[in-house]
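Below is input_11.cif, holding mmCIF, C-alpha atoms.
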```cif
data_final
loop_
_atom_site.label_atom_id
_atom_site.label_comp_id
_atom_site.auth_asym_id
_atom_site.auth_seq_id
_atom_site.Cartn_x
_atom_site.Cartn_y
_atom_site.Cartn_z
CA MET A 125 7.55 3.74 7.75
CA ILE A 126 6.59 6.18 5.04
CA ASP A 127 3.66 6.46 2.69
CA PHE A 128 2.96 8.60 -0.37
CA VAL A 129 -0.51 10.14 -0.40
CA ARG A 130 -2.44 12.87 -2.20
CA PHE A 131 -4.12 14.53 0.79
CA VAL A 132 -3.01 15.94 4.14
CA PRO A 133 -3.47 13.09 6.61
CA ASP A 134 -4.87 13.68 10.10
CA SER A 135 -3.95 11.93 13.37
CA ARG A 136 -6.01 8.82 12.46
CA ALA A 137 -3.63 8.09 9.58
CA TYR A 138 -0.68 7.80 11.97
CA ASN A 139 -2.54 4.98 13.80
CA LEU A 140 -2.09 2.82 10.71
CA GLY A 141 1.60 2.48 11.55
CA PHE A 142 3.15 5.24 9.47
CA GLU A 143 5.74 7.62 10.88
CA ARG A 144 5.65 10.20 8.14
CA PHE A 145 3.92 11.01 4.88
CA VAL A 146 4.95 12.46 1.58
CA VAL A 147 1.97 14.47 0.36
CA PHE A 148 1.76 15.16 -3.36
CA SER A 149 -0.13 18.26 -4.31
CA GLU A 150 -0.24 20.58 -7.31
CA ASN A 151 0.37 23.43 -4.89
CA PRO A 152 2.90 22.18 -2.30
CA SER A 153 3.51 25.61 -0.75
CA GLU A 154 0.07 25.31 0.89
CA LEU A 155 0.98 22.05 2.61
CA PRO A 156 1.86 22.03 6.35
CA ASP A 157 5.48 21.56 7.42
CA SER A 158 4.63 18.36 9.33
CA VAL A 159 4.61 16.40 6.07
CA LEU A 160 7.19 16.02 3.33
CA LYS A 161 6.14 18.14 0.40
CA GLY A 162 5.67 16.56 -2.97
CA TYR A 163 4.98 18.46 -6.17
CA LEU A 164 2.42 16.73 -8.35
CA ILE A 165 2.85 17.72 -11.96
CA ARG A 166 -0.06 16.96 -14.24
CA ALA A 167 1.01 17.66 -17.80
CA GLU A 168 -0.58 17.25 -21.21
CA ASN A 169 2.67 17.50 -23.17
CA GLY A 170 6.44 17.89 -22.79
CA LYS A 171 6.34 21.68 -23.01
CA GLU A 172 3.88 21.96 -20.12
CA LEU A 173 5.99 19.52 -18.12
CA ILE A 174 9.16 21.60 -18.51
CA GLU A 175 7.26 24.77 -17.69
CA LYS A 176 5.91 23.28 -14.46
CA LEU A 177 9.26 21.71 -13.56
CA ARG A 178 10.79 25.21 -13.47
CA ARG A 179 8.43 26.13 -10.63
CA ALA A 180 9.62 23.20 -8.47
CA LYS A 181 11.55 24.20 -5.34
CA ARG A 182 14.63 22.33 -4.22
CA ASN A 183 13.01 20.72 -1.18
CA TRP A 184 9.99 19.41 -3.07
CA MET A 185 9.89 15.83 -4.24
CA VAL A 186 8.64 15.87 -7.83
CA GLY A 187 6.13 13.36 -9.17
CA VAL A 188 4.63 13.34 -12.66
CA ILE A 189 1.24 12.28 -13.99
CA GLY A 190 0.48 12.15 -17.70
CA ASP A 191 0.18 9.99 -20.78
CA LEU A 192 2.98 7.79 -22.13
CA LYS A 193 4.60 10.66 -24.08
CA VAL A 194 4.74 12.85 -20.98
CA ILE A 195 6.07 10.00 -18.84
CA ARG A 196 8.80 9.29 -21.40
CA SER A 197 9.95 12.88 -21.37
CA ALA A 198 9.63 12.99 -17.57
CA VAL A 199 12.08 10.13 -17.02
CA MET A 200 14.66 12.09 -19.02
CA ARG A 201 14.52 15.06 -16.62
CA TRP A 202 16.91 14.99 -13.67
CA ARG A 203 14.50 17.01 -11.50
CA VAL A 204 11.80 14.30 -11.68
CA ASP A 205 11.96 11.83 -8.79
CA LEU A 206 8.90 9.76 -9.33
CA ILE A 207 6.36 8.61 -11.90
CA LEU A 208 3.13 8.69 -9.92
CA ASP A 209 0.48 6.01 -10.21
CA PHE A 210 -3.09 6.75 -11.29
CA PRO A 211 -5.88 4.73 -12.96
CA GLY A 212 -5.13 4.48 -16.66
CA ARG A 213 -1.37 5.04 -16.41
CA GLU A 214 0.55 3.61 -19.33
CA MET A 215 4.07 2.29 -18.85
CA ASP A 216 6.08 0.38 -21.40
CA TYR A 217 9.28 -1.65 -21.46
CA VAL A 218 11.45 1.21 -22.78
CA THR A 219 10.18 3.67 -20.17
CA VAL A 220 10.98 1.30 -17.31
CA LYS A 221 14.47 0.74 -18.73
CA MET A 222 15.01 4.48 -19.01
CA ALA A 223 13.66 5.00 -15.49
CA LYS A 224 16.39 2.67 -14.25
CA GLU A 225 19.10 4.49 -16.21
CA LYS A 226 17.94 7.93 -15.08
CA ASP A 227 17.16 6.82 -11.52
CA VAL A 228 13.51 7.80 -11.57
CA ALA A 229 11.27 5.74 -9.29
CA ILE A 230 7.99 4.19 -10.42
CA GLU A 231 5.10 4.31 -7.99
CA ILE A 232 2.74 1.34 -7.72
CA SER A 233 -0.23 2.12 -5.51
CA ILE A 234 -3.00 0.06 -3.97
CA SER A 235 -5.72 2.76 -4.18
CA LYS A 236 -6.57 2.03 -7.81
CA PHE A 237 -7.31 -1.59 -6.86
CA LEU A 238 -9.68 -0.44 -4.13
CA ASN A 239 -11.62 1.79 -6.49
CA SER A 240 -12.20 -0.82 -9.17
CA GLU A 241 -13.95 -4.15 -9.40
CA GLY A 242 -14.51 -7.06 -11.75
CA LEU A 243 -13.04 -6.86 -15.24
CA ARG A 244 -11.41 -3.48 -14.60
CA ARG A 245 -9.54 -4.82 -11.57
CA LEU A 246 -8.56 -7.93 -13.52
CA ARG A 247 -6.92 -5.73 -16.19
CA LEU A 248 -5.19 -3.70 -13.49
CA VAL A 249 -3.82 -6.87 -11.89
CA GLU A 250 -2.54 -8.07 -15.27
CA GLU A 251 -0.86 -4.75 -16.03
CA THR A 252 0.69 -4.54 -12.57
CA ILE A 253 2.09 -8.08 -12.74
CA ASP A 254 3.67 -7.26 -16.12
CA LEU A 255 5.08 -3.98 -14.79
CA ILE A 256 6.55 -5.72 -11.74
CA ARG A 257 8.19 -8.33 -13.99
CA ILE A 258 9.90 -5.63 -16.07
CA VAL A 259 10.89 -3.66 -12.96
CA ARG A 260 12.43 -6.81 -11.52
CA LYS A 261 14.33 -7.50 -14.75
CA PHE A 262 16.03 -4.08 -14.84
CA ASP A 263 16.09 -3.63 -11.06
CA ALA A 264 14.41 -0.28 -11.64
CA PRO A 265 13.58 1.92 -8.64
CA PHE A 266 9.99 1.42 -7.55
CA VAL A 267 7.90 2.23 -4.51
CA LEU A 268 4.81 0.49 -3.16
CA THR A 269 2.40 3.00 -1.66
CA SER A 270 -1.23 3.50 -0.80
CA GLY A 271 -1.51 6.48 -3.19
CA ALA A 272 -4.60 7.46 -1.23
CA SER A 273 -6.60 10.55 -2.06
CA ASP A 274 -8.63 10.28 1.16
CA PHE A 275 -8.32 8.54 4.52
CA TYR A 276 -10.44 5.52 3.59
CA GLU A 277 -8.15 4.65 0.69
CA MET A 278 -5.25 4.13 3.08
CA ARG A 279 -4.15 0.70 4.26
CA PRO A 280 -1.59 -0.40 6.86
CA LYS A 281 1.89 -0.77 5.40
CA ARG A 282 2.14 -4.49 6.11
CA GLN A 283 -1.11 -5.17 4.26
CA ILE A 284 0.05 -3.14 1.25
CA MET A 285 3.25 -5.20 1.17
CA GLU A 286 1.37 -8.51 1.44
CA PHE A 287 -0.89 -7.55 -1.43
CA PHE A 288 1.98 -6.69 -3.76
CA GLU A 289 3.92 -9.76 -2.66
CA ILE A 290 1.12 -11.86 -4.14
CA LEU A 291 1.57 -9.97 -7.41
CA GLY A 292 5.27 -10.87 -7.40
CA ALA A 293 6.91 -7.69 -6.07
CA ASP A 294 10.14 -7.74 -4.09
CA VAL A 295 8.82 -5.76 -1.12
CA GLU A 296 12.13 -5.43 0.72
CA ARG A 297 13.71 -3.89 -2.35
CA ALA A 298 10.75 -1.50 -2.69
CA GLU A 299 11.21 -0.42 0.90
CA ARG A 300 14.89 0.27 0.27
CA TRP A 301 14.13 2.39 -2.81
CA MET A 302 11.57 4.36 -0.81
CA GLU A 303 13.96 5.06 2.05
CA ARG A 304 16.61 6.14 -0.42
CA LEU A 305 14.22 8.49 -2.17
CA VAL A 306 13.08 10.10 1.08
CA ARG A 307 16.66 10.38 2.41
CA ARG A 308 17.57 12.59 -0.54
CA TYR A 309 15.23 15.23 0.88
CA THR A 310 15.47 14.66 4.61
CA ASP A 311 19.07 13.66 5.38
CA PRO A 312 21.52 16.53 4.83
CA ASN A 313 24.45 14.12 5.13
CA TYR A 314 23.29 11.92 2.28
CA ILE A 315 25.00 12.55 -1.04
CA MET A 316 24.42 9.34 -2.99
CA ASP A 317 24.42 5.58 -2.42
CA GLY A 318 27.57 4.67 -0.52
CA LEU A 319 28.64 8.28 -0.13
CA GLU A 320 27.56 10.32 2.87
CA ILE A 321 29.06 12.79 5.34
CA GLU A 322 30.15 11.27 8.66
CA GLU A 323 29.54 14.02 11.20
CA ASN A 324 31.14 12.46 14.24
CA PHE A 325 34.34 11.50 12.52
CA LYS A 326 37.40 13.08 14.18
CA PHE A 327 40.90 13.25 12.75
CA MET B 92 -15.79 -33.88 5.49
CA LYS B 93 -16.50 -35.32 8.90
CA GLY B 94 -14.60 -38.09 10.64
CA LEU B 95 -11.18 -37.33 9.21
CA PRO B 96 -8.14 -38.64 11.12
CA PRO B 97 -6.13 -35.85 12.80
CA ALA B 98 -3.33 -36.08 10.24
CA LEU B 99 -5.76 -35.27 7.43
CA LYS B 100 -7.57 -32.46 9.22
CA ARG B 101 -6.80 -29.04 7.86
CA LYS B 102 -4.90 -26.67 10.09
CA LYS B 103 -6.68 -23.44 10.97
CA ARG B 104 -5.57 -19.90 11.46
CA TYR B 105 -7.39 -17.11 13.29
CA VAL B 106 -7.06 -13.59 11.94
CA ALA B 107 -7.85 -10.78 14.36
CA PHE B 108 -8.91 -7.58 12.64
CA GLU B 109 -10.32 -4.17 13.30
CA LEU B 110 -12.54 -2.12 11.02
CA ILE B 111 -11.70 1.57 11.09
CA CYS B 112 -14.94 3.29 10.19
CA GLU B 113 -17.64 5.63 11.36
CA GLY B 114 -20.55 3.76 12.87
CA VAL B 115 -21.07 0.09 13.65
CA VAL B 116 -20.84 -2.60 10.99
CA ASP B 117 -23.18 -5.58 10.77
CA GLY B 118 -21.42 -8.97 11.01
CA GLY B 119 -23.45 -10.57 8.23
CA GLU B 120 -22.74 -7.70 5.87
CA PHE B 121 -19.05 -7.87 6.69
CA LEU B 122 -18.91 -11.62 5.99
CA SER B 123 -20.70 -11.14 2.71
CA ALA B 124 -18.23 -8.36 1.77
CA LEU B 125 -15.34 -10.71 2.61
CA TRP B 126 -16.79 -13.50 0.46
CA ASN B 127 -17.44 -11.11 -2.41
CA SER B 128 -13.85 -9.94 -2.21
CA MET B 129 -12.56 -13.54 -2.13
CA LEU B 130 -14.70 -14.63 -5.08
CA SER B 131 -13.85 -11.55 -7.08
CA LEU B 132 -10.11 -11.94 -6.50
CA PHE B 133 -9.56 -15.70 -6.56
CA GLY B 134 -12.70 -17.12 -8.16
CA GLU B 135 -14.72 -20.13 -7.04
CA ILE B 136 -11.95 -22.73 -7.33
CA GLY B 137 -9.44 -20.45 -5.62
CA SER B 138 -11.84 -19.75 -2.77
CA ALA B 139 -12.82 -23.38 -2.18
CA HIS B 140 -11.41 -25.04 0.95
CA CYS B 141 -10.68 -21.65 2.51
CA ASP B 142 -13.10 -22.53 5.34
CA ILE B 143 -13.80 -18.90 6.14
CA ARG B 144 -15.93 -18.38 9.24
CA LEU B 145 -16.56 -15.29 11.34
CA GLU B 146 -15.79 -16.51 14.85
CA MET B 147 -16.63 -13.31 16.64
CA PHE B 148 -17.44 -9.71 15.75
CA ASP B 149 -18.56 -6.81 17.89
CA GLY B 150 -19.19 -4.28 15.14
CA ARG B 151 -15.60 -3.05 15.08
CA ARG B 152 -13.23 -5.86 16.01
CA GLY B 153 -13.46 -9.52 15.24
CA ILE B 154 -11.82 -12.81 14.43
CA VAL B 155 -12.02 -14.66 11.11
CA ARG B 156 -11.12 -18.34 10.97
CA CYS B 157 -9.60 -19.74 7.82
CA ASN B 158 -7.57 -22.60 6.48
CA ARG B 159 -3.80 -22.28 7.02
CA GLU B 160 -3.07 -22.64 3.29
CA ALA B 161 -5.55 -19.87 2.46
CA LEU B 162 -4.20 -17.36 4.98
CA LYS B 163 -2.51 -15.10 2.44
CA LYS B 164 -5.59 -15.06 0.24
CA VAL B 165 -7.83 -14.13 3.17
CA LYS B 166 -5.47 -11.35 4.25
CA VAL B 167 -5.44 -9.87 0.74
CA ALA B 168 -9.22 -10.20 0.42
CA LEU B 169 -9.59 -8.42 3.77
CA THR B 170 -7.24 -5.66 2.65
CA LEU B 171 -9.25 -4.99 -0.51
CA ILE B 172 -12.57 -4.51 1.28
CA SER B 173 -13.38 -0.83 1.03
CA ARG B 174 -17.10 -0.80 1.83
CA VAL B 175 -19.36 -2.87 4.04
CA GLY B 176 -22.91 -2.06 2.96
CA GLU B 177 -22.88 1.70 2.69
CA ILE B 178 -20.15 2.25 5.27
CA ARG B 179 -16.60 2.97 4.10
CA VAL B 180 -14.07 0.97 6.09
CA ILE B 181 -10.35 0.36 6.50
CA PRO B 182 -9.77 -3.26 7.53
CA LYS B 183 -6.71 -3.37 9.78
CA ILE B 184 -5.27 -6.82 10.46
CA LEU B 185 -4.15 -6.95 14.09
CA GLY B 186 -2.50 -10.35 13.96
CA VAL B 187 -2.74 -14.05 13.22
CA SER B 188 -2.76 -16.94 15.65
CA GLY B 189 -3.14 -20.72 15.62
CA THR B 190 -5.73 -20.90 18.39
CA ILE B 191 -8.77 -18.77 19.00
CA LYS B 192 -8.00 -18.43 22.71
CA LYS B 193 -4.54 -16.98 22.07
CA CYS B 194 -5.85 -14.82 19.24
CA ARG B 195 -8.53 -13.28 21.45
CA LYS B 196 -6.15 -12.76 24.35
CA LYS B 197 -3.21 -11.40 22.40
CA TYR B 198 -4.86 -9.22 19.80
CA LEU B 199 -8.28 -8.25 21.12
CA GLU B 200 -7.90 -8.08 24.91
CA VAL B 201 -4.31 -6.89 25.26
CA LEU B 202 -4.56 -4.38 22.42
CA ARG B 203 -7.91 -3.10 23.68
CA ASP B 204 -6.39 -2.28 27.07
CA ALA B 205 -3.11 -1.02 25.64
CA SER B 206 -2.16 2.62 25.97
CA ALA B 207 0.83 4.64 24.91
CA SER B 208 1.46 5.77 28.50
CA ASP B 209 1.98 2.14 29.59
CA GLY B 210 4.51 1.70 26.86
CA ILE B 211 2.50 -1.10 25.22
#
```
Since I need it in another form, could you write the structure as structure tokens?
Amino acid sequence: MIDFVRFVPDSRAYNLGFERFVVFSENPSELPDSVLKGYLIRAENGKELIEKLRRAKRNWMVGVIGDLKVIRSAVMRWRVDLILDFPGREMDYVTVKMAKEKDVAIEISISKFLNSEGLRRLRLVEETIDLIRIVRKFDAPFVLTSGASDFYEMRPKRQIMEFFEILGADVERAERWMERLVRRYTDPNYIMDGLEIEENFKF
Amino acid sequence: MKGLPPALKRKKRYVAFELICEGVVDGGEFLSALWNSMLSLFGEIGSAHCDIRLEMFDGRRGIVRCNREALKKVKVALTLISRVGEIRVIPKILGVSGTIKKCRKKYLEVLRDASASDGI
């Protein structure tokens, strides 16, 4: 089982049932090799996004944070793998549809629910339910993660899934999208869905 | 309500959990955090008939009893607890059982004695 986080997890994090982590950082070259490196791009506008995308290395998973304009231009870029979740993220119908067409995954994380309460959490729940409905309609790629920025924001995988199940998410589908996304960077035999190199095949 | 015939009695479930935190957590504070989470998430009507009770708690591990129909709600409310008093916690659900005896044996005793070297 895999989780997407924003910090380098220690041994305690592995006790929560995860086998590996994708760590998103603005400086992935400083991350240890024990984790999968993710490049977190925080951009104010499209120009900054393109500039930062040029710095991305081939083995880095690329995730983008920004306002709606930035997210819209991010889903058009082939190098972007993921639209990262953060409090205050805006997503609309058109962006989700484009994310499906361009095969860019949408992250939905539990950490923002842990850090909010009352009316703020109510709004978050509303927005997430709407987002999940649109994602389900287009069958857009999406991943359910903890999105934790420290150890105490992490939750066991099964509990994350149960929470999003209540909000209407298809958790099995989410798991498949996540595996597919990670395989792109970890499995050298993987080319695309339904097309991979069979090593042991003999003529 | 007391004196209900067995067919009308609500079925119970026992949720074994562990709090991953630094320090020891007070049982009363934990129960109040669980109720706050329930009320905040599901409201008063949604939390009614959940029959939540803290059966046992040693500061780290414990068992919560709830109504069978409210099991999902209780699990989600447990998941969303991030602080008990001033202590930051990660509530980890170890498992769910229909009887307290089995719950204690399977999730608290066996898991407490488990080690990677034994292959458990």
Surrounding residues of Ile165 of chain A excluding itself and chain neighbours under 4 positions, 12 Å, all atoms listed in the file, as number ranges by chain: A: 148-152, 169-170, 172-180, 184-190, 194-195, 198, 203-208
Hits of the PyMOL selection byres ((chain A) within 12 of (chain B)) in this structure, as a PyMOL selection string: chain A and resi 136-137+139-141+234-249+270+272+274-291
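Listed by chain and then by number, the residues chosen by the PyMOL selection byres ((chain B and resi 147-162) around 6) in this file are Lys102, Lys103, Arg104, Tyr105, Val106, Ala107, Phe108, Glu109, Leu110, Val115, Val116, Cys141, Asp142, Ile143, Arg144, Leu145, Glu146, Lys163, Lys164 and Val165 of chain B.
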Matched chain/residue IDs from the PyMOL selection byres ((chain A and resi 223-232) around 7), as a PyMOL selection string: chain A and resi 199-200+204-209+219-222+233-234+262+264-269
Straight-line distance linking atom CA of Leu255 of chain A with atom CA of Gly292 of chain A, stated in Å to one decimal: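 Value for the atom CA of Leu255 of chain A-atom CA of Gly292 of chain A distance: 10.1 Å.
Reported to one decimal place, the separation of atom CA of Met215 of chain A from atom CA of Gly134 of chain B is 27.8 Å.
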Interatomic distance (Å, one decimal) between atom CA of Tyr217 of chain A and atom CA of Lys171 of chain A: 23.6 Å
